[in-house]
Every structure is written in C-alpha cells, then in structure tokens.
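A.B. asks: This one is query.txt, compact mmCIF, C-alpha atoms.
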```
# COMPACT_ATOMS: atom_id res chain seq x y z
CA MET A 1 -15.93 -46.71 52.58
CA ALA A 2 -17.85 -45.27 49.61
CA SER A 3 -21.59 -45.67 49.72
CA VAL A 4 -22.14 -45.14 45.96
CA LEU A 5 -20.11 -45.93 42.85
CA LEU A 6 -20.43 -44.24 39.46
CA SER A 7 -19.29 -45.50 36.02
CA ALA A 8 -19.84 -44.58 32.36
CA ASN A 9 -20.29 -46.87 29.38
CA HIS A 10 -17.73 -44.77 27.37
CA ASP A 11 -14.56 -43.11 28.49
CA ARG A 12 -14.37 -40.93 25.33
CA VAL A 13 -17.04 -39.47 23.05
CA SER A 14 -16.93 -37.16 20.03
CA VAL A 15 -19.42 -34.62 18.71
CA ALA A 16 -19.66 -31.89 16.08
CA PRO A 17 -20.99 -28.45 17.01
CA GLY A 18 -24.73 -28.32 16.39
CA SER A 19 -25.08 -32.08 16.97
CA SER A 20 -25.53 -34.28 20.05
CA VAL A 21 -23.77 -37.21 21.62
CA GLU A 22 -24.78 -39.20 24.64
CA PHE A 23 -23.43 -41.78 27.03
CA VAL A 24 -24.87 -43.68 29.97
CA VAL A 25 -23.77 -43.44 33.59
CA THR A 26 -24.62 -46.17 36.07
CA ILE A 27 -24.91 -45.63 39.83
CA GLN A 28 -24.44 -48.51 42.26
CA ASN A 29 -25.81 -48.19 45.80
CA LEU A 30 -23.56 -50.15 48.17
CA THR A 31 -25.70 -49.52 51.26
CA THR A 32 -28.76 -51.26 52.71
CA LEU A 33 -30.92 -48.17 52.29
CA VAL A 34 -32.72 -46.69 49.31
CA ASP A 35 -30.88 -43.56 48.18
CA GLN A 36 -31.58 -40.58 45.93
CA VAL A 37 -28.55 -39.59 43.86
CA THR A 38 -28.37 -36.19 42.18
CA LEU A 39 -26.25 -36.00 39.03
CA ARG A 40 -24.24 -33.00 37.85
CA VAL A 41 -21.70 -32.43 35.06
CA GLU A 42 -18.61 -30.25 35.30
CA GLY A 43 -15.88 -29.32 32.81
CA ILE A 44 -18.17 -27.96 30.07
CA ASP A 45 -20.82 -25.29 29.77
CA SER A 46 -23.89 -26.47 31.67
CA ARG A 47 -26.09 -25.25 28.82
CA TRP A 48 -24.65 -28.03 26.63
CA VAL A 49 -25.84 -30.78 29.00
CA GLN A 50 -29.12 -32.57 29.52
CA MET A 51 -29.46 -35.27 32.22
CA VAL A 52 -32.23 -37.83 31.80
CA PRO A 53 -33.16 -38.06 34.64
CA PRO A 54 -31.18 -35.59 36.75
CA VAL A 55 -32.04 -37.43 40.00
CA LEU A 56 -31.98 -41.22 40.33
CA PRO A 57 -33.61 -43.36 43.01
CA VAL A 58 -31.33 -46.33 43.69
CA PHE A 59 -32.47 -49.34 45.72
CA ALA A 60 -30.28 -50.83 48.38
CA GLN A 61 -27.54 -52.94 46.86
CA GLY A 62 -28.98 -51.98 43.47
CA THR A 63 -28.08 -49.97 40.40
CA ALA A 64 -29.71 -47.31 38.24
CA SER A 65 -28.74 -45.58 34.98
CA ALA A 66 -29.13 -42.12 33.44
CA ARG A 67 -28.44 -40.66 30.00
CA VAL A 68 -26.02 -37.76 29.67
CA ILE A 69 -26.76 -35.84 26.44
CA ILE A 70 -24.21 -33.25 25.30
CA SER A 71 -25.15 -30.78 22.54
CA PRO A 72 -22.51 -28.09 21.76
CA PRO A 73 -23.96 -25.04 19.98
CA ALA A 74 -23.47 -24.67 16.22
CA HIS A 75 -21.83 -21.24 16.33
CA PRO A 76 -18.02 -21.67 16.00
CA ALA A 77 -17.23 -19.10 18.67
CA GLU A 78 -19.34 -20.96 21.27
CA ALA A 79 -18.02 -24.49 20.79
CA MET A 80 -14.26 -24.43 20.34
CA ALA A 81 -12.72 -27.56 18.87
CA GLY A 82 -10.56 -29.75 21.10
CA SER A 83 -10.74 -32.06 24.08
CA TYR A 84 -12.69 -31.35 27.26
CA GLY A 85 -12.41 -33.26 30.50
CA VAL A 86 -15.98 -33.97 31.57
CA GLN A 87 -16.68 -35.01 35.16
CA VAL A 88 -20.01 -36.59 36.06
CA ALA A 89 -20.65 -36.57 39.80
CA GLY A 90 -23.37 -38.35 41.73
CA VAL A 91 -24.20 -36.86 45.16
CA SER A 92 -26.00 -38.97 47.79
CA GLN A 93 -29.01 -37.39 49.46
CA GLU A 94 -29.10 -39.97 52.27
CA ARG A 95 -25.46 -39.37 53.17
CA PRO A 96 -24.72 -35.68 52.60
CA GLY A 97 -21.13 -35.06 51.61
CA GLU A 98 -20.70 -38.44 49.98
CA SER A 99 -20.39 -38.55 46.20
CA ALA A 100 -18.93 -40.56 43.36
CA VAL A 101 -17.25 -39.30 40.17
CA THR A 102 -16.55 -40.71 36.73
CA ASN A 103 -14.52 -39.00 33.99
CA VAL A 104 -15.29 -38.91 30.27
CA THR A 105 -13.26 -37.14 27.59
CA LEU A 106 -15.36 -35.09 25.16
CA ASP A 107 -13.86 -34.29 21.74
CA VAL A 108 -15.53 -31.36 19.99
CA GLN A 109 -14.76 -31.86 16.32
CA LEU A 110 -13.05 -29.22 14.18
CA VAL A 111 -15.56 -28.00 11.60
CA GLY A 112 -15.75 -25.07 9.21
CA ASP A 113 -13.17 -23.29 7.08
CA TYR A 114 -11.92 -19.81 6.34
CA GLN A 115 -12.35 -17.43 3.40
CA LEU A 116 -10.36 -14.54 1.89
CA ARG A 117 -11.78 -11.26 0.60
CA LEU A 118 -9.49 -8.80 -1.21
CA THR A 119 -11.15 -5.39 -1.14
CA THR A 120 -10.82 -2.19 -3.20
CA PRO A 121 -7.21 -0.98 -3.39
CA GLN A 122 -6.02 2.25 -1.81
CA ALA A 123 -3.21 4.49 -3.02
CA GLY A 124 0.19 3.81 -1.49
CA ASP A 125 3.00 6.19 -0.59
CA LEU A 126 4.38 5.98 -4.15
CA PRO A 127 2.64 6.10 -7.55
CA GLN A 128 3.74 2.53 -8.33
CA GLU A 129 2.28 1.24 -5.06
CA ARG A 130 -1.20 0.01 -4.04
CA ARG A 131 -2.59 -1.21 -0.72
CA TYR A 132 -5.20 -3.95 -0.64
CA PRO A 133 -7.06 -4.72 2.63
CA LEU A 134 -7.40 -8.51 2.89
CA ARG A 135 -10.25 -9.79 5.08
CA VAL A 136 -9.78 -13.23 6.59
CA ILE A 137 -13.12 -14.71 7.68
CA ASN A 138 -12.72 -17.66 10.03
CA GLY A 139 -15.77 -19.93 9.89
CA ALA A 140 -14.04 -22.69 11.89
CA ASN A 141 -14.40 -23.37 15.62
CA ALA A 142 -10.69 -22.96 16.36
CA VAL A 143 -8.18 -20.12 16.46
CA LEU A 144 -6.70 -19.59 12.99
CA LEU A 145 -3.16 -18.37 12.30
CA VAL A 146 -2.52 -17.46 8.64
CA HIS A 147 0.69 -16.60 6.76
CA PRO A 148 0.18 -14.66 3.49
CA SER A 149 2.37 -14.49 0.40
CA GLY A 150 2.03 -12.75 -2.98
CA GLN A 151 3.00 -13.66 -6.51
CA ASP A 152 2.47 -12.59 -10.12
CA ARG A 153 3.37 -14.26 -13.39
CA ASN A 154 6.40 -12.17 -14.33
CA GLY A 155 7.60 -11.13 -10.89
CA ASP A 156 6.68 -7.49 -11.55
CA PHE A 157 5.93 -6.61 -7.92
CA TRP A 158 7.30 -6.68 -4.42
CA TYR A 159 4.81 -7.60 -1.69
CA LYS A 160 4.60 -6.49 1.93
CA PHE A 161 2.09 -7.66 4.53
CA GLU A 162 1.01 -5.77 7.65
CA PRO A 163 1.00 -7.73 9.88
CA PHE A 164 3.15 -10.47 8.37
CA GLN A 165 0.84 -13.07 10.00
CA LEU A 166 -2.69 -12.80 11.35
CA THR A 167 -4.50 -14.52 14.21
CA VAL A 168 -8.28 -14.80 13.83
CA PRO A 169 -10.57 -16.05 16.62
CA PRO A 170 -13.14 -18.81 16.05
CA GLY A 171 -16.12 -17.49 14.12
CA GLY A 172 -14.45 -14.08 13.79
CA GLU A 173 -12.56 -12.14 11.15
CA GLY A 174 -9.45 -10.02 10.84
CA THR A 175 -7.83 -7.76 8.26
CA LEU A 176 -4.27 -7.44 7.04
CA VAL A 177 -2.97 -5.00 4.43
CA VAL A 178 -1.26 -6.28 1.29
CA THR A 179 1.04 -3.67 -0.27
CA ALA A 180 2.00 -4.38 -3.88
CA ARG A 181 4.77 -2.23 -5.36
CA ALA A 182 5.85 -2.29 -8.99
CA LYS A 183 9.56 -2.92 -9.44
CA GLN A 184 9.67 -0.62 -12.49
CA MET A 185 7.77 2.47 -13.58
CA THR A 186 5.89 2.39 -16.85
CA VAL A 187 5.26 4.96 -19.57
CA ALA A 188 1.93 3.36 -20.47
CA GLN A 189 -0.99 2.27 -18.35
CA ARG A 190 -1.25 -1.44 -17.67
CA ALA A 191 -3.19 -3.92 -15.54
CA VAL A 192 -1.32 -6.82 -13.94
CA ALA A 193 -3.01 -9.79 -12.26
CA PHE A 194 -1.57 -11.16 -9.04
CA ASN A 195 -2.50 -13.66 -6.33
CA VAL A 196 -2.37 -13.56 -2.56
CA ALA A 197 -2.05 -17.05 -1.06
CA THR A 198 -2.32 -18.09 2.56
CA THR A 199 -1.26 -21.10 4.58
CA GLY A 200 -1.97 -21.59 8.25
CA THR A 201 -2.87 -23.68 11.25
CA TYR A 202 -5.81 -24.11 13.59
CA THR A 203 -5.00 -24.20 17.29
CA LEU A 204 -7.41 -26.41 19.25
CA ARG A 205 -8.55 -25.82 22.78
CA ASP A 206 -6.09 -28.36 24.14
CA GLY A 207 -3.15 -26.70 22.34
CA ASN A 208 -2.85 -29.16 19.48
CA ALA A 209 -2.34 -27.67 16.00
CA VAL A 210 -4.05 -28.78 12.79
CA ASP A 211 -2.99 -27.60 9.33
CA ALA A 212 -5.48 -25.30 7.64
CA ALA A 213 -6.21 -25.71 3.95
CA PRO A 214 -4.29 -23.27 1.72
CA ARG A 215 -6.34 -20.54 0.11
CA ASP A 216 -5.69 -17.87 -2.52
CA VAL A 217 -7.47 -14.85 -3.91
CA ALA A 218 -6.87 -12.94 -7.15
CA GLY A 219 -6.26 -9.22 -7.44
CA GLN A 220 -5.42 -6.72 -10.15
CA PHE A 221 -2.91 -3.88 -10.08
CA ALA A 222 -3.89 -0.98 -12.35
CA GLN A 223 -0.60 0.82 -12.85
CA GLY A 224 -0.90 4.33 -14.22
CA ALA A 225 1.49 5.86 -16.71
CA LEU A 226 4.08 8.37 -15.60
CA ALA A 227 3.21 12.02 -16.17
CA THR A 228 5.44 13.92 -18.61
CA LEU A 229 6.97 17.19 -17.43
CA ILE A 230 5.90 20.24 -19.44
CA VAL A 231 8.63 22.68 -20.54
CA SER A 232 8.26 26.00 -22.35
CA VAL A 233 10.85 28.68 -23.23
CA ALA A 234 10.01 32.34 -23.83
CA PRO A 235 10.76 34.05 -26.06
CA ALA A 236 11.19 31.32 -28.65
CA GLN A 237 13.83 33.49 -30.33
CA MET A 238 16.00 36.25 -28.91
CA ARG A 239 18.38 38.62 -30.73
CA ALA A 240 21.27 40.19 -28.80
CA PRO A 241 24.93 41.01 -29.35
CA LEU A 242 26.29 38.85 -26.50
CA THR A 243 23.84 37.77 -23.71
CA GLY A 244 20.15 36.89 -23.56
CA ILE A 245 17.80 36.08 -20.66
CA PHE A 246 15.09 33.50 -21.38
CA GLN A 247 12.29 32.43 -19.04
CA VAL A 248 11.77 28.69 -18.76
CA ARG A 249 8.54 27.33 -17.24
CA VAL A 250 8.47 23.77 -15.92
CA GLY A 251 5.11 22.10 -15.21
CA ASN A 252 4.13 18.90 -13.39
CA PRO A 253 0.72 17.60 -14.56
CA GLY A 254 0.98 14.47 -12.40
CA PRO A 255 -0.68 13.63 -9.05
CA ILE A 256 2.53 13.48 -6.97
CA PRO A 257 5.37 15.92 -6.20
CA VAL A 258 8.39 15.75 -8.50
CA ASN A 259 11.97 16.97 -8.04
CA ALA A 260 13.09 18.23 -11.47
CA ARG A 261 16.56 19.18 -12.71
CA LEU A 262 17.07 21.45 -15.73
CA ALA A 263 19.77 21.10 -18.37
CA VAL A 264 20.46 22.00 -21.99
CA SER A 265 20.22 18.72 -23.83
CA GLU A 266 21.15 19.91 -27.32
CA ALA A 267 23.08 23.05 -28.28
CA ALA A 268 25.47 24.25 -30.99
CA GLU A 269 28.97 25.12 -29.87
CA GLY A 270 29.66 28.71 -28.96
CA LEU A 271 27.09 29.24 -26.19
CA SER A 272 27.20 28.86 -22.41
CA PHE A 273 24.10 28.42 -20.22
CA ARG A 274 23.17 29.07 -16.61
CA PHE A 275 19.86 28.19 -14.90
CA ASN A 276 18.59 29.98 -11.81
CA PRO A 277 17.65 27.76 -10.05
CA GLU A 278 18.95 24.60 -11.69
CA GLN A 279 16.63 22.30 -9.70
CA VAL A 280 13.00 22.81 -8.60
CA VAL A 281 10.44 20.91 -6.54
CA LEU A 282 7.09 20.78 -8.32
CA ALA A 283 3.87 20.14 -6.43
CA PRO A 284 1.14 18.10 -8.18
CA GLN A 285 -0.50 20.05 -11.02
CA SER A 286 1.84 23.01 -10.63
CA GLU A 287 4.55 24.90 -12.53
CA ARG A 288 7.61 26.95 -11.67
CA PRO A 289 9.51 29.69 -13.58
CA VAL A 290 13.28 29.40 -14.04
CA SER A 291 15.62 32.02 -15.45
CA LEU A 292 18.03 30.91 -18.20
CA SER A 293 21.02 33.09 -19.07
CA VAL A 294 22.56 32.44 -22.53
CA ARG A 295 25.91 33.93 -23.47
CA ALA A 296 27.91 33.76 -26.68
CA ALA A 297 31.63 33.05 -26.56
CA GLY A 298 32.56 36.50 -27.88
CA MET A 299 31.37 39.55 -29.82
CA LEU A 300 31.00 39.36 -33.57
CA ALA A 301 32.99 41.71 -35.72
CA ALA A 302 31.31 45.06 -36.19
CA GLY A 303 29.07 45.12 -39.18
CA GLY A 304 29.32 41.35 -39.62
CA ALA A 305 26.48 38.93 -40.31
CA ALA A 306 24.27 37.61 -37.47
CA HIS A 307 24.78 34.02 -36.20
CA SER A 308 21.93 31.71 -35.07
CA TYR A 309 22.26 29.12 -32.30
CA ASP A 310 19.57 26.48 -31.70
CA PHE A 311 19.33 24.82 -28.28
CA ARG A 312 16.96 22.54 -26.39
CA VAL A 313 16.05 22.78 -22.69
CA ALA A 314 15.15 19.52 -20.90
CA ALA A 315 13.64 18.89 -17.46
CA ALA A 316 14.13 15.44 -15.89
CA ALA A 317 12.76 14.02 -12.60
CA THR A 318 15.67 13.18 -10.32
CA ASP A 319 13.55 10.56 -8.51
CA GLY A 320 12.22 8.92 -11.68
CA LEU A 321 8.61 9.82 -10.85
CA ALA A 322 7.90 11.57 -14.18
CA GLU A 323 8.92 11.36 -17.79
CA PRO A 324 11.31 14.12 -18.97
CA GLY A 325 10.04 17.05 -21.01
CA ALA A 326 11.83 19.47 -23.34
CA ALA A 327 11.39 22.59 -25.46
CA SER A 328 13.49 24.33 -28.15
CA ALA A 329 14.54 27.96 -28.56
CA GLN A 330 16.96 30.06 -30.61
CA PHE A 331 19.52 32.69 -29.74
CA VAL A 332 20.54 35.01 -32.59
CA GLN A 333 23.78 36.86 -32.01
CA ILE A 334 23.93 40.11 -33.92
CA ALA A 335 27.06 42.11 -34.79
CA PRO A 336 27.54 45.64 -33.45
CA VAL A 337 27.04 48.54 -35.89
CA LYS A 338 30.27 49.97 -37.49
CA PRO A 339 31.32 53.26 -35.80
CA VAL A 340 30.63 56.46 -37.85
CA PRO A 341 33.86 58.47 -38.79
CA TRP A 342 32.65 61.69 -37.21
CA ALA A 343 36.06 63.48 -37.34
CA LEU A 344 36.31 63.07 -41.09
CA ILE A 345 32.74 64.20 -41.58
CA ILE A 346 33.26 67.27 -39.38
CA GLY A 347 36.54 68.10 -41.23
CA LEU A 348 34.85 67.87 -44.62
CA LEU A 349 31.94 70.01 -43.42
CA THR A 350 34.39 72.58 -42.09
CA LEU A 351 36.25 72.73 -45.40
CA ALA A 352 32.95 73.05 -47.20
CA LEU A 353 31.92 75.95 -44.98
CA ILE A 354 35.27 77.70 -45.50
CA ALA A 355 34.96 77.26 -49.23
CA CYS A 356 31.46 78.67 -49.16
CA PHE A 357 32.59 81.60 -47.06
CA ALA A 358 35.52 82.38 -49.42
CA PHE A 359 33.27 82.16 -52.43
CA ALA A 360 30.85 84.56 -50.84
CA ILE A 361 33.63 87.10 -50.20
CA VAL A 362 34.77 86.93 -53.80
CA ILE A 363 31.26 87.55 -55.01
CA VAL A 364 30.82 90.50 -52.67
CA ASN A 365 34.10 92.10 -53.74
CA ASN A 366 33.28 91.81 -57.43
CA MET A 367 29.89 93.39 -57.17
CA PRO A 368 29.56 96.85 -58.97
CA ARG A 369 29.63 99.73 -56.56
```
Could you write out this structure as structure tokens?
C.D. replies:
Amino acid sequence: MASVLLSANHDRVSVAPGSSVEFVVTIQNLTTLVDQVTLRVEGIDSRWVQMVPPVLPVFAQGTASARVIISPPAHPAEAMAGSYGVQVAGVSQERPGESAVTNVTLDVQLVGDYQLRLTTPQAGDLPQERRYPLRVINGANAVLLVHPSGQDRNGDFWYKFEPFQLTVPPGGEGTLVVTARAKQMTVAQRAVAFNVATTGTYTLRDGNAVDAAPRDVAGQFAQGALATLIVSVAPAQMRAPLTGIFQVRVGNPGPIPVNARLAVSEAAEGLSFRFNPEQVVLAPQSERPVSLSVRAAGMLAAGGAAHSYDFRVAAAATDGLAEPGAASAQFVQIAPVKPVPWALIIGLLTLALIACFAFAIVIVNNMPR
C-alpha cells in the first residue's frame, strides 16, 4: 500500500518561450509518521524547472504543497514548440524506494516567424540565366519546411529551385538557389522584376504540423543584350579573270563562346562561293580567319568589258547566343587580253626586210664604178 500520494492542481499548462508558468503539487502522507518528501521533475530540461520548496516535510496523515515553476528559454532552438509529458515524482525519505508520481502535460507555444533574403545574383550557365541565393531565416521555435515558387508579370522566365524544398531547424537558417532563365533572348538590355514566394509548415515536437504564413521577396533580373558578331572581308574589292580568294574574319565580342556559321546572304547571279571552314567556334572576345573562294561562272570574251559582282558575307550564331553580323565585298571579273597576231607581224617584217635588201642591191649595182 502506498505511503504517499501526489496530485497536481492542473493536468495541462501552457507557456511561451521566455515566460513562466506554474502549477501546484500536493503531497498526502498516509502513514502515522512525519515524512520528508523530495520532489523531482522529469520529461523536460531540468534547467527549466524551479521547485519551491524542493523538499517538503509532511505530517502524519497530513498534506503539504509545493510550487512547480517552468520557464523555457527564449531562444527558439532551446525551447521547441509542442507538447511535453512532465512527470513530478515525490520520493519518501522515511521509506526509501517508495514514491508517488503525477503527470502534467506542458504545451510550449509556437512563437516567432521566418524571413526571406534574396542576395546578389550570380551568373548562370547561359547568358539569359541568373542564380539568386535565397536565405531562409527561421525565427520560430519549430522545424520549418518551405516550398518556393517564382513568378513575373509577363511570364518572361522559367524558375528552378535547388533544392525544390528546404528544411530549416528552429532558430536556424538555410539557403536554396533560385535560378531564373529568360525564355527569349533580347537585343537590348532590360531589367525585369520578379517575385519568389514561399509557403510552408512548422513541425512541432510532438509531430503535429502547423501552416506557416506565406512570404515573398522581390528580385530583379538585369538581362544583357546579345553581342553582335563582327565580320570583315579583305580585300574589299578583287579583280581576277575567273577566281578570287578573300579572307573573312569573324569576331565574337561577347562574354560567352559562340558557334558561328558563314554564308553569303546577298549576291548577284553568276558567282559561286566556298568557305573553308564554313563553321567556327569563337571563344569570348576572340576572332577567327576563314578563307572564301569566289568563282565566276565562265571566262569573259577576250578583250571584253569587265563585270562587277557585289556580295555580302554573313555570320550567324547557330545556338542563338549572338546577333548575326555581315560585311560586303566586290569581285570584278576582267576579260583576258586579245592574243597578238605574231605570224602576220613576222611575215610583214620579213617582207619588209626582203624589200630593203632588194633595194640595197639595186642601189649598189647602179653606183658609178
């Protein structure tokens, strides 16, 4: 048969971190002897508890009471929200091994909130892409699980989140990366505002979930203009009877590599073109030479007038990462010189020499002796 009984004036109490709550426990001595009962509390951190007094003298067949004061710390990480099963035990000193227990449920209230901080963007893998570290600062005393989403007024961007959800401990913080990617390239610089919104839940110590308030933070995407490929053709004009070799230089002034393909965008009929090579990979701020062979359809008639052909060389990025560039040049086809009639000239010279020789003989023969 129990020698002491223990009871509390409340079976459930609630407290906010940084505050205090108390309840009263009463000890009843069922024996005919005066007893000393030592009180202790289990189920919560002992540093939260103050017993006033910690040891109670209880007269025979009498009762005595003590105050149990519970003060969870204010820091969210040290007083997690949720329910705690608190056991108050009274241990008899007169009858070692005999004790009494009463149970009280302690509810530590959920307090605090969380904040979002969108930090300076970093360059992404593509020129139309930016990465924004998003800090989630959990000021609540419960584990926070957040789900992010992104939006902008005109739907100009796709959004990716790494990780797609984030768990943040009480009083702690975590970071996820928001990647915003423009759906279309632009030929002019622009700044587009967007928002990152979060929803989430707090998980209490006892496993219950509580909805967290939605939050959002504004960001700005500064989208740079596409670089324009630089094209030059040398010489600007070439004169030849049938074929000419031009040197084309293609430059990439932009900050990213570009795969460029060359073609003649405008040309008069009568010419054929061949690039060597036809496609080049251009590193950032670099240029490459390309040989361009130009050939007329056929020779002009000897002694005829020259014929001019204008054409335009264009370089376009196959991956769309640069604006196309172009340059103009001219090929002038000249006619071959008419052949000289050397046989006739030699025949006439021969006849002239014979005539001169015959004339000389006549003169010599008619000279006075």
A.B. asks: Which residue is closest to Val264 in chain A? Choose from A:Asn9, A:Gln333, A:Ser293, A:Thr63 and count all atoms listed in the file.
C.D. replies: A:Ser293
A.B. asks: For Glu22 in chain A, which residue out of A:Ser83, A:Ser92, A:Leu106, A:Asp35 is the nearest one, using all atoms listed in the file?
C.D. replies: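 Ranking A:Ser83, A:Ser92, A:Leu106, A:Asp35 by distance to Glu22 in chain A, first place goes to A:Leu106.
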A.B. asks: Choose the residue, out of A:Met299, A:Val281, A:Val104, A:Ala317, that has the smallest atom-to-atom separation from Ala335 in chain A; count only C-alpha atoms.
C.D. replies: A:Met299
A.B. asks: A:Ala234, A:Val250, A:Ala213, A:Ala268: which is nearest Val280 in chain A, counting only C-alpha atoms?
C.D. replies: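 For Val280 in chain A, the nearest of the candidates is A:Val250.
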A.B. asks: Which residues are close to Arg67 in chain A, i.e. within 10 Å by all atoms listed in the file, leaving aside same-chain residues fewer than 2 positions away? Reply as a PyMOL selection string.
C.D. replies: chain A and resi 8+22-26+50-54+65+69-70
A.B. asks: At most 6 Å is the cut-off: for each residue in range 9-81 of chain A with any atom that close to an atom of range 126-149 of chain A, write down the nearest atom pair and the distance in Å rounded to one decimal, counting only C-alpha atoms, chain first then increasing number, as JSON lines.
C.D. replies:
```
{"residue": "A:Pro76", "atom": "CA", "partner": "A:Asn141", "partner_atom": "CA", "distance": 4.0}
{"residue": "A:Ala77", "atom": "CA", "partner": "A:Asn141", "partner_atom": "CA", "distance": 6.0}
{"residue": "A:Met80", "atom": "CA", "partner": "A:Asn141", "partner_atom": "CA", "distance": 4.8}
{"residue": "A:Ala81", "atom": "CA", "partner": "A:Asn141", "partner_atom": "CA", "distance": 5.6}
```
A.B. asks: Distance CA of Pro324 in chain A-CA of Ile230 in chain A, one decimal place?
C.D. replies: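 Between CA of Pro324 in chain A and CA of Ile230 in chain A the gap works out to 8.2 Å.
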A.B. asks: Rank nothing, just name the residue among A:Ile361, A:Ala227, A:Ile334, A:Ile44 nearest to Val258 in chain A, using only C-alpha atoms.
C.D. replies: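 Smallest distance to Val258 in chain A is found for A:Ala227.
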A.B. asks: Compile the contact shell of range 217-222 of chain A as a PDB file with C-alpha atoms, in the coordinates of the input: residues with an atom at most 10 Å away, counting all atoms listed in the file, same-chain residues fewer than 2 positions apart removed.
C.D. replies:
```pdb
ATOM      1  CA  GLN A 115     -12.350 -17.430   3.400  1.00  0.00           C
ATOM      2  CA  LEU A 116     -10.360 -14.540   1.890  1.00  0.00           C
ATOM      3  CA  ARG A 117     -11.780 -11.260   0.600  1.00  0.00           C
ATOM      4  CA  LEU A 118      -9.490  -8.800  -1.210  1.00  0.00           C
ATOM      5  CA  THR A 119     -11.150  -5.390  -1.140  1.00  0.00           C
ATOM      6  CA  THR A 120     -10.820  -2.190  -3.200  1.00  0.00           C
ATOM      7  CA  PRO A 121      -7.210  -0.980  -3.390  1.00  0.00           C
ATOM      8  CA  GLN A 128       3.740   2.530  -8.330  1.00  0.00           C
ATOM      9  CA  GLU A 129       2.280   1.240  -5.060  1.00  0.00           C
ATOM     10  CA  ARG A 130      -1.200   0.010  -4.040  1.00  0.00           C
ATOM     11  CA  ARG A 131      -2.590  -1.210  -0.720  1.00  0.00           C
ATOM     12  CA  TYR A 132      -5.200  -3.950  -0.640  1.00  0.00           C
ATOM     13  CA  LEU A 134      -7.400  -8.510   2.890  1.00  0.00           C
ATOM     14  CA  GLY A 150       2.030 -12.750  -2.980  1.00  0.00           C
ATOM     15  CA  GLN A 151       3.000 -13.660  -6.510  1.00  0.00           C
ATOM     16  CA  ASP A 152       2.470 -12.590 -10.120  1.00  0.00           C
ATOM     17  CA  PHE A 157       5.930  -6.610  -7.920  1.00  0.00           C
ATOM     18  CA  ALA A 180       2.000  -4.380  -3.880  1.00  0.00           C
ATOM     19  CA  ARG A 181       4.770  -2.230  -5.360  1.00  0.00           C
ATOM     20  CA  ALA A 182       5.850  -2.290  -8.990  1.00  0.00           C
ATOM     21  CA  GLN A 189      -0.990   2.270 -18.350  1.00  0.00           C
ATOM     22  CA  ARG A 190      -1.250  -1.440 -17.670  1.00  0.00           C
ATOM     23  CA  ALA A 191      -3.190  -3.920 -15.540  1.00  0.00           C
ATOM     24  CA  VAL A 192      -1.320  -6.820 -13.940  1.00  0.00           C
ATOM     25  CA  ALA A 193      -3.010  -9.790 -12.260  1.00  0.00           C
ATOM     26  CA  PHE A 194      -1.570 -11.160  -9.040  1.00  0.00           C
ATOM     27  CA  ASN A 195      -2.500 -13.660  -6.330  1.00  0.00           C
ATOM     28  CA  VAL A 196      -2.370 -13.560  -2.560  1.00  0.00           C
ATOM     29  CA  ALA A 197      -2.050 -17.050  -1.060  1.00  0.00           C
ATOM     30  CA  THR A 198      -2.320 -18.090   2.560  1.00  0.00           C
ATOM     31  CA  ARG A 215      -6.340 -20.540   0.110  1.00  0.00           C
ATOM     32  CA  GLY A 224      -0.900   4.330 -14.220  1.00  0.00           C
ATOM     33  CA  ALA A 225       1.490   5.860 -16.710  1.00  0.00           C
TER      34      ALA A 225
END
```
A.B. asks: Just want the 8 Å neighbourhood of Pro163 in chain A, counted on only C-alpha atoms, with same-chain residues fewer than 3 positions away dropped. Output as a list of chain:residue names.
C.D. replies: A:Leu166, A:Leu176, A:Val177
A.B. asks: Between A:Met238, A:Leu229, A:Leu282, A:Val58, single out the one closest to Val34 in chain A, counting all atoms listed in the file.
C.D. replies: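 Going through A:Met238, A:Leu229, A:Leu282, A:Val58 one by one, the smallest distance to Val34 in chain A is for A:Val58.
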A.B. asks: In Å, how far is it from CA of Ala316 in chain A to CA of Thr228 in chain A?
C.D. replies: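 It comes out at 9.2 Å.
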